[in-house]
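K.L.:
Structure: start.cif, mmCIF, N, CA and C atoms.
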```cif
data_run
#
loop_
_atom_site.label_atom_id
_atom_site.label_comp_id
_atom_site.auth_asym_id
_atom_site.auth_seq_id
_atom_site.Cartn_x
_atom_site.Cartn_y
_atom_site.Cartn_z
N MET N 1 -3.87 10.69 13.63
CA MET N 1 -3.72 9.25 13.69
C MET N 1 -2.72 8.83 12.61
N GLU N 2 -1.73 8.05 13.00
CA GLU N 2 -0.71 7.59 12.08
C GLU N 2 -1.11 6.26 11.45
N SER N 3 -0.69 6.08 10.22
CA SER N 3 -1.00 4.84 9.52
C SER N 3 -0.07 3.72 10.00
N MET N 4 -0.55 2.50 9.84
CA MET N 4 0.27 1.34 10.17
C MET N 4 1.53 1.32 9.32
N LEU N 5 1.43 1.80 8.09
CA LEU N 5 2.61 1.83 7.22
C LEU N 5 3.71 2.72 7.80
N LYS N 6 3.32 3.91 8.23
CA LYS N 6 4.31 4.84 8.78
C LYS N 6 4.89 4.28 10.08
N LEU N 7 4.04 3.80 10.96
CA LEU N 7 4.51 3.24 12.22
C LEU N 7 5.45 2.06 11.99
N THR N 8 5.09 1.20 11.04
CA THR N 8 5.92 0.03 10.74
C THR N 8 7.27 0.47 10.18
N ARG N 9 7.24 1.44 9.27
CA ARG N 9 8.50 1.93 8.70
C ARG N 9 9.40 2.50 9.78
N GLU N 10 8.82 3.32 10.65
CA GLU N 10 9.61 3.93 11.73
C GLU N 10 10.14 2.88 12.69
N ARG N 11 9.32 1.89 13.02
CA ARG N 11 9.76 0.81 13.92
C ARG N 11 10.85 -0.04 13.29
N SER N 12 10.86 -0.07 11.95
CA SER N 12 11.90 -0.80 11.23
C SER N 12 13.20 -0.01 11.16
N GLY N 13 13.16 1.23 11.65
CA GLY N 13 14.35 2.07 11.64
C GLY N 13 14.67 2.69 10.30
N MET N 14 13.68 2.75 9.42
CA MET N 14 13.90 3.31 8.09
C MET N 14 13.33 4.71 7.98
N THR N 15 14.08 5.55 7.30
CA THR N 15 13.54 6.87 6.96
C THR N 15 12.63 6.70 5.74
N LEU N 16 11.84 7.71 5.49
CA LEU N 16 10.98 7.71 4.31
C LEU N 16 11.83 7.56 3.05
N GLU N 17 12.93 8.28 3.00
CA GLU N 17 13.80 8.25 1.83
C GLU N 17 14.43 6.87 1.63
N HIS N 18 14.87 6.24 2.72
CA HIS N 18 15.50 4.92 2.61
C HIS N 18 14.49 3.88 2.14
N ALA N 19 13.30 3.88 2.73
CA ALA N 19 12.28 2.91 2.34
C ALA N 19 11.88 3.12 0.88
N ALA N 20 11.71 4.37 0.48
CA ALA N 20 11.33 4.67 -0.90
C ALA N 20 12.40 4.18 -1.87
N LYS N 21 13.66 4.38 -1.52
CA LYS N 21 14.76 3.93 -2.37
C LYS N 21 14.74 2.41 -2.51
N ARG N 22 14.51 1.70 -1.41
CA ARG N 22 14.45 0.23 -1.45
C ARG N 22 13.28 -0.26 -2.30
N LEU N 23 12.19 0.56 -2.35
CA LEU N 23 11.01 0.19 -3.13
C LEU N 23 11.06 0.70 -4.57
N CYS N 24 12.11 1.47 -4.88
CA CYS N 24 12.29 2.07 -6.22
C CYS N 24 11.14 3.01 -6.57
N ILE N 25 10.70 3.79 -5.57
CA ILE N 25 9.68 4.81 -5.80
C ILE N 25 10.15 6.10 -5.14
N SER N 26 9.50 7.19 -5.44
CA SER N 26 9.90 8.46 -4.85
C SER N 26 9.40 8.56 -3.42
N PRO N 27 10.10 9.32 -2.58
CA PRO N 27 9.62 9.53 -1.21
C PRO N 27 8.23 10.15 -1.17
N GLY N 28 7.95 11.03 -2.11
CA GLY N 28 6.62 11.66 -2.17
C GLY N 28 5.52 10.65 -2.43
N TYR N 29 5.80 9.70 -3.32
CA TYR N 29 4.82 8.66 -3.62
C TYR N 29 4.59 7.77 -2.41
N LEU N 30 5.67 7.40 -1.71
CA LEU N 30 5.52 6.58 -0.51
C LEU N 30 4.76 7.34 0.57
N LEU N 31 5.03 8.62 0.70
CA LEU N 31 4.30 9.44 1.67
C LEU N 31 2.80 9.44 1.36
N GLN N 32 2.45 9.55 0.09
CA GLN N 32 1.04 9.51 -0.30
C GLN N 32 0.41 8.16 0.05
N ILE N 33 1.15 7.09 -0.15
CA ILE N 33 0.64 5.76 0.21
C ILE N 33 0.45 5.68 1.72
N GLU N 34 1.44 6.14 2.48
CA GLU N 34 1.35 6.10 3.94
C GLU N 34 0.18 6.93 4.46
N ASN N 35 -0.09 8.06 3.82
CA ASN N 35 -1.16 8.95 4.27
C ASN N 35 -2.53 8.55 3.75
N GLY N 36 -2.59 7.52 2.91
CA GLY N 36 -3.87 7.07 2.38
C GLY N 36 -4.36 7.88 1.19
N ALA N 37 -3.51 8.77 0.66
CA ALA N 37 -3.90 9.59 -0.49
C ALA N 37 -3.81 8.81 -1.80
N ARG N 38 -3.03 7.72 -1.81
CA ARG N 38 -2.89 6.88 -3.00
C ARG N 38 -3.07 5.44 -2.59
N GLY N 39 -3.82 4.74 -3.37
CA GLY N 39 -3.97 3.31 -3.16
C GLY N 39 -2.88 2.57 -3.93
N VAL N 40 -2.73 1.31 -3.66
CA VAL N 40 -1.76 0.50 -4.37
C VAL N 40 -2.40 -0.81 -4.80
N GLY N 41 -1.87 -1.38 -5.84
CA GLY N 41 -2.32 -2.69 -6.28
C GLY N 41 -1.63 -3.79 -5.49
N THR N 42 -2.03 -5.00 -5.76
CA THR N 42 -1.48 -6.15 -5.05
C THR N 42 0.03 -6.27 -5.16
N PRO N 43 0.61 -6.11 -6.35
CA PRO N 43 2.07 -6.26 -6.44
C PRO N 43 2.83 -5.25 -5.56
N ARG N 44 2.41 -4.00 -5.56
CA ARG N 44 3.09 -2.99 -4.74
C ARG N 44 2.85 -3.25 -3.26
N ALA N 45 1.63 -3.64 -2.89
CA ALA N 45 1.34 -3.96 -1.49
C ALA N 45 2.23 -5.11 -1.01
N MET N 46 2.42 -6.10 -1.85
CA MET N 46 3.27 -7.24 -1.49
C MET N 46 4.72 -6.79 -1.36
N GLN N 47 5.16 -5.90 -2.25
CA GLN N 47 6.54 -5.40 -2.20
C GLN N 47 6.78 -4.64 -0.89
N ILE N 48 5.84 -3.79 -0.52
CA ILE N 48 5.98 -3.01 0.71
C ILE N 48 5.97 -3.93 1.92
N ALA N 49 5.04 -4.86 1.95
CA ALA N 49 4.95 -5.80 3.08
C ALA N 49 6.23 -6.62 3.21
N GLU N 50 6.77 -7.05 2.08
CA GLU N 50 8.01 -7.83 2.10
C GLU N 50 9.16 -7.00 2.67
N LEU N 51 9.22 -5.73 2.31
CA LEU N 51 10.26 -4.85 2.84
C LEU N 51 10.23 -4.82 4.36
N TYR N 52 9.03 -4.79 4.93
CA TYR N 52 8.87 -4.73 6.38
C TYR N 52 8.72 -6.11 7.02
N GLU N 53 8.87 -7.17 6.22
CA GLU N 53 8.78 -8.55 6.69
C GLU N 53 7.45 -8.86 7.36
N LEU N 54 6.37 -8.43 6.69
CA LEU N 54 5.01 -8.67 7.15
C LEU N 54 4.17 -9.20 6.00
N GLU N 55 2.97 -9.63 6.32
CA GLU N 55 1.99 -10.01 5.30
C GLU N 55 1.25 -8.74 4.88
N LYS N 56 0.85 -8.66 3.62
CA LYS N 56 0.19 -7.44 3.13
C LYS N 56 -1.10 -7.16 3.90
N GLU N 57 -1.76 -8.20 4.38
CA GLU N 57 -3.01 -8.01 5.13
C GLU N 57 -2.79 -7.32 6.48
N GLN N 58 -1.55 -7.34 6.96
CA GLN N 58 -1.24 -6.66 8.22
C GLN N 58 -1.10 -5.15 8.02
N LEU N 59 -0.89 -4.72 6.79
CA LEU N 59 -0.66 -3.30 6.50
C LEU N 59 -1.76 -2.65 5.67
N PHE N 60 -2.47 -3.44 4.89
CA PHE N 60 -3.44 -2.90 3.96
C PHE N 60 -4.80 -3.55 4.15
N VAL N 61 -5.83 -2.78 3.81
CA VAL N 61 -7.19 -3.32 3.77
C VAL N 61 -7.67 -3.23 2.33
N PRO N 62 -8.38 -4.25 1.85
CA PRO N 62 -8.87 -4.20 0.46
C PRO N 62 -10.06 -3.25 0.37
N ILE N 63 -9.89 -2.15 -0.36
CA ILE N 63 -10.98 -1.17 -0.46
C ILE N 63 -11.32 -0.79 -1.89
N ARG N 64 -10.66 -1.39 -2.86
CA ARG N 64 -10.94 -1.04 -4.24
C ARG N 64 -12.20 -1.75 -4.72
N PHE N 65 -13.00 -1.01 -5.43
CA PHE N 65 -14.22 -1.56 -6.00
C PHE N 65 -14.17 -1.36 -7.50
N MET N 66 -14.74 -2.29 -8.23
CA MET N 66 -14.84 -2.18 -9.68
C MET N 66 -16.31 -2.11 -10.04
N ALA N 67 -16.58 -1.44 -11.13
CA ALA N 67 -17.96 -1.32 -11.59
C ALA N 67 -18.51 -2.70 -11.93
N ARG N 68 -19.73 -2.90 -11.56
CA ARG N 68 -20.41 -4.14 -11.91
C ARG N 68 -21.02 -3.97 -13.29
N TYR N 69 -20.94 -5.00 -14.12
CA TYR N 69 -21.50 -4.95 -15.46
C TYR N 69 -22.76 -5.80 -15.53
N ARG N 70 -23.68 -5.32 -16.31
CA ARG N 70 -24.93 -6.05 -16.50
C ARG N 70 -24.68 -7.14 -17.52
N SER N 71 -25.13 -8.32 -17.22
CA SER N 71 -24.98 -9.43 -18.17
C SER N 71 -25.94 -9.24 -19.33
N LYS N 72 -25.58 -9.70 -20.48
CA LYS N 72 -26.44 -9.56 -21.66
C LYS N 72 -27.75 -10.26 -21.41
N GLY N 73 -28.83 -9.53 -21.66
CA GLY N 73 -30.16 -10.10 -21.49
C GLY N 73 -30.65 -10.07 -20.04
N GLY N 74 -29.78 -9.66 -19.11
CA GLY N 74 -30.17 -9.62 -17.70
C GLY N 74 -30.59 -8.22 -17.29
N LYS N 75 -31.19 -8.10 -16.13
CA LYS N 75 -31.65 -6.81 -15.64
C LYS N 75 -30.61 -6.12 -14.78
N SER N 76 -29.71 -6.86 -14.19
CA SER N 76 -28.67 -6.22 -13.38
C SER N 76 -27.45 -7.03 -13.49
#
```
Before we go any further, please render this structure as structure tokens.

P.N.:
Amino acid sequence: MESMLKLTRERSGMTLEHAAKRLCISPGYLLQIENGARGVGTPRAMQIAELYELEKEQLFVPIRFMARYRSKGGKS
């Protein structure tokens, strides 16, 4: 199964190398993002979406979780 990122890049007529150069990242790093091996923060997601003229929500799903902290004096 191919990622939306890879399909979008290919439909945009860009090679992995060309897209990576436009994003100022290495092709290997972009490949990891496309394959789901590396997550990205909001700024990078927005940069990638802008390159493909889409909204970041069309290419990415929010899956990052942060540890919950217990409030002082609270049980959870």

K.L.:
Quote the spacing between atom CA of Leu31 of chain N and atom CA of Met4 of chain N in Å to one decimal place.

P.N.:
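Computing it gives 12.4 Å between the two atoms.
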
K.L.:
If I wrap all listed atoms of segment 14-23 of chain N in a box with edges along x, y and z and add 8 Å on each side, what are its centre and edge lengths in Å to one decimal, as lines of an AutoDock Vina configuration file?

P.N.:
```
center_x = 13.2
center_y = 4.0
center_z = 2.4
size_x = 20.5
size_y = 24.5
size_z = 30.0
```

K.L.:
Given the file shown, enumerate the residues that the PyMOL selection byres (((chain N and resi 36 and name CA) around 12) and name CA) captures and present them as a ChimeraX atom specification.

P.N.:
/N:1-6,29-35,37-40,59-61,63

K.L.:
Can you tell me how far atom CA of Tyr69 of chain N sits from atom CA of Lys56 of chain N, in Å to one decimal?

P.N.:
28.7 Å

K.L.:
Based on the backbone DSSP call, show me all residues of chain N assigned helix (DSSP H, G or I), as a PyMOL selection string.

P.N.:
chain N and resi 4-11+16-23+27-35+42-51+56-59

K.L.:
Within 12 Å of Glu17 of chain N, counting only C-alpha atoms, which residues show up once you throw out same-chain ones fewer than 5 positions away? Write them as a ChimeraX atom specification, please.

P.N.:
/N:9-10,22-31

K.L.:
How many Å lie between atom CA of Met46 of chain N and atom N of Lys21 of chain N, rounded to one decimal?

P.N.:
15.6 Å
